[in-house]
Structures are given as structure tokens and as C-alpha cells.
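> Got a structure here, written out as C-alpha cells. Questions coming.
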Amino acid sequence: MIIVHHLNNSRSQRILWLLEELEVPYQIKAYERTAEGLAPKELLAINPLGKSPVITDEDLTLAESGAIVEYLIGKYGNGKFQAPTSGPGYLDNLYYSHYAEGSLMPLLVQKIIFDMVPSKTPFLLRPIASMIFSNLTKMLLMPSFPKHFSMESIDKHLEKVQTGWFAGGEEPTSADFQMAFPLEAVVTVASEMATPAMVKYVERVQSRQVIHFLFHPFADLCLQIKFRPAYKRVR
Ligand SMILES: N[C@@H](CCC(=O)N[C@@H](CS)C(=O)NCC(=O)O)C(=O)O
């Protein structure tokens, strides 16, 4: 039996969505973030990096969401969610499967950490921390956002793929299981940066997830349902 070591509000949502789509039996072992927002130390026993997601499948332990997504599609997909093996769909899937964790998530995480610094600074130093980190954000991070989110990048690609999935097929592929999480984060917590194509994409993903998670015993835990308007509408 597959066990998903799931940390609340984390990339592990990717794995739960994929397992539901694959209709593979699995169990969730839930971990709660600490007050500092980190994973609890129990997760270190499964993954020496102490990060989620991690799965165990019989005697295999596998971390890194991209690796887990590819492993599960390869082993349990029976042809489902396979990307094309050549041509533009192949390259788009390859690119976006890696871009999600290689470029997009690091930018979002840096922004979250920079934004958090003032509130974690001793009260009297807070104005100074706030000034320094908002300047750093402006200088170092903000110039990157339009490059990622402009009409020339993700948005243009989403407009181009008629079916709405990153590899251009009728079904999601690893690129979508990887990209949905950062795009949901942008659309729900930094909506001023989201473009119409991103919003449409996230709605497509969420309305698909609703089918799987509506009656799921751990729905709120799995997907942080409060961010999912499609789910609320159905429920
Ligand atoms: N690139 C890794 C990132 C894993 C990661 O950073 N997970 C976060 C949750 S989204 C985590 O475990 N954070 C808790 C911590 O760092 O203590 C992946 O895609 O699996």
C-alpha cells in the first residue's frame, strides 16, 4: 500500500490529486507544520531532508514531488497521463515538469520568506527589517515576476494549448500535476499577479479536483479547501 507522508498546505497536494486520478489505493500519514511553518521533526525519520511530499510504496521511499509524480504515472498509470514521447507535447511536458520546481517555486518561496521577515523580527527592529526586505524584494525579486507571468511566458503557452493542459493533450500530464500547485498559489494568494489564462487554468484544475475530493474524508486537509471556490460551490 502506498503511504503519502502529507504535510498540511504543501506540495504534497500534487501527489494526492494524482493518486485520486489514478484510482490507486493509498493511505495518508498527516503531519502538521510547526508554529514556524516548518515540518515537524517526525518527518526526518522518513526523509533526511525533513520535507514533504514523501511516499513509501512497499520497501521504496521516494521524495521530491516531480520524481514521485513520474514514478506513479510510470508504475500505476496504465497509459493514463502519459505525455507524448516526441514532438512539441513531449518538449512542453519536459519543460514545465521541471520549470515548476526548478524556477517558479523558488521565486514564490523567496517572496513568501522576504514578506515574512518583518513579522519574525523583534518588535523594535521591525521597521528597519521591513524597509530592508521590501527594498530587497523590489530590487531582486519583483523584476523576475513579469518575466514569468507576462503574456510571453506561461500565459502565452496556456493560450496556445487548445485543450488547456500544458502538454496540449486531452488529459493532464506530469507538467500539470507539477504546475497546478504554484499556479493555484499565485491565483489565490497573489491574485494581482495572476493573468486570465492562469485563472482559467486553475479553475479547470479545481473543478476536476472537486470530483475526487468532495466526499474525501480528509478533504480539508488534502487541498486546503478554503482556497477552492469550485469546491465550495458544489459542497
Ligand atoms: N522540491 C521539493 C520541495 C519540498 C519542500 O520544500 N516541501 C515543503 C512543503 S511545500 C516542506 O516540506 N517544508 C517544510 C520544511 O521545510 O520544514 C519537492 O518538490 O518535493
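Simple scheme: letters A, B, ... for chains in C-alpha cells order, numbers from 1 for residues in each chain, numbers from 1 for ligands in the order shown.
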When you look at Pro40 (chain A) with a cut-off of 10 Å (counting only C-alpha atoms), what residues show up, excluding the ones that are within fewer than 5 positions of it in the same chain? I need them as a PyMOL selection string.

chain A and resi 7+31-35+50-51

> Could you list, as an mmCIF file with C-alpha atoms, in the first residue's frame, all the residues within 9 Å of ligand 1, counting only C-alpha atoms and all ligand atoms?


```
data_model
loop_
_atom_site.group_PDB
_atom_site.id
_atom_site.type_symbol
_atom_site.label_atom_id
_atom_site.label_comp_id
_atom_site.auth_asym_id
_atom_site.auth_seq_id
_atom_site.Cartn_x
_atom_site.Cartn_y
_atom_site.Cartn_z
ATOM 1 C CA HIS A 6 1.459 14.625 3.799
ATOM 2 C CA LEU A 7 2.315 17.990 5.321
ATOM 3 C CA ASN A 8 -0.574 20.407 5.556
ATOM 4 C CA ASN A 9 -0.590 23.192 2.985
ATOM 5 C CA SER A 10 2.229 21.773 0.917
ATOM 6 C CA ARG A 11 3.288 20.450 -2.461
ATOM 7 C CA SER A 12 2.130 17.049 -1.284
ATOM 8 C CA GLN A 13 -1.292 18.105 -2.634
ATOM 9 C CA ARG A 33 3.506 22.351 10.322
ATOM 10 C CA THR A 34 5.097 23.825 13.444
ATOM 11 C CA GLU A 36 7.355 28.469 12.476
ATOM 12 C CA GLY A 37 5.755 26.874 9.412
ATOM 13 C CA LEU A 38 8.328 24.079 9.210
ATOM 14 C CA ALA A 39 7.715 20.360 9.002
ATOM 15 C CA PRO A 40 7.696 18.554 12.360
ATOM 16 C CA LYS A 41 10.788 16.531 13.250
ATOM 17 C CA LEU A 43 9.214 13.726 9.053
ATOM 18 C CA LEU A 49 15.683 16.472 4.408
ATOM 19 C CA GLY A 50 12.547 16.579 6.551
ATOM 20 C CA LYS A 51 10.460 17.734 3.568
ATOM 21 C CA SER A 52 7.114 16.683 2.185
ATOM 22 C CA PRO A 53 5.975 15.058 -0.044
ATOM 23 C CA VAL A 54 7.461 11.649 0.560
ATOM 24 C CA ALA A 63 10.844 12.118 -2.028
ATOM 25 C CA GLU A 64 10.728 15.092 -4.439
ATOM 26 C CA SER A 65 7.314 15.752 -5.923
ATOM 27 C CA GLY A 66 8.492 15.655 -9.558
ATOM 28 C CA ALA A 67 10.121 12.271 -9.050
ATOM 29 C CA ILE A 68 7.047 10.924 -7.238
ATOM 30 C CA ALA A 100 7.650 24.203 -11.775
ATOM 31 C CA GLU A 101 10.206 23.230 -9.110
ATOM 32 C CA GLY A 102 13.365 24.475 -10.823
ATOM 33 C CA MET A 105 8.559 27.596 -6.895
ATOM 34 C CA PRO A 106 11.932 29.033 -5.747
ATOM 35 C CA VAL A 109 9.130 30.755 -1.834
ATOM 36 C CA GLN A 178 3.601 19.920 -11.069
#
```

> For a quick check of understanding, using only C-alpha atoms, which of A:His216, A:Lys156, A:Arg204, A:Lys29 has the smallest distance to Asp176 (chain A)?

A:Arg204

> Mind listing the alpha helix (DSSP H) residues of region 14-197 of chain A, per DSSP on the backbone, as a PyMOL selection string?

chain A and resi 14-22+65-76+87-99+105-116+126-136+144-149+154-160+174-189+196-197

> Which residue gives the smallest distance to Val186 (chain A) among A:Trp165, A:Ser130, A:Lys111, A:Ser207, with only C-alpha atoms counted?

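Going through A:Trp165, A:Ser130, A:Lys111, A:Ser207 one by one, the smallest distance to Val186 (chain A) is for A:Lys111.
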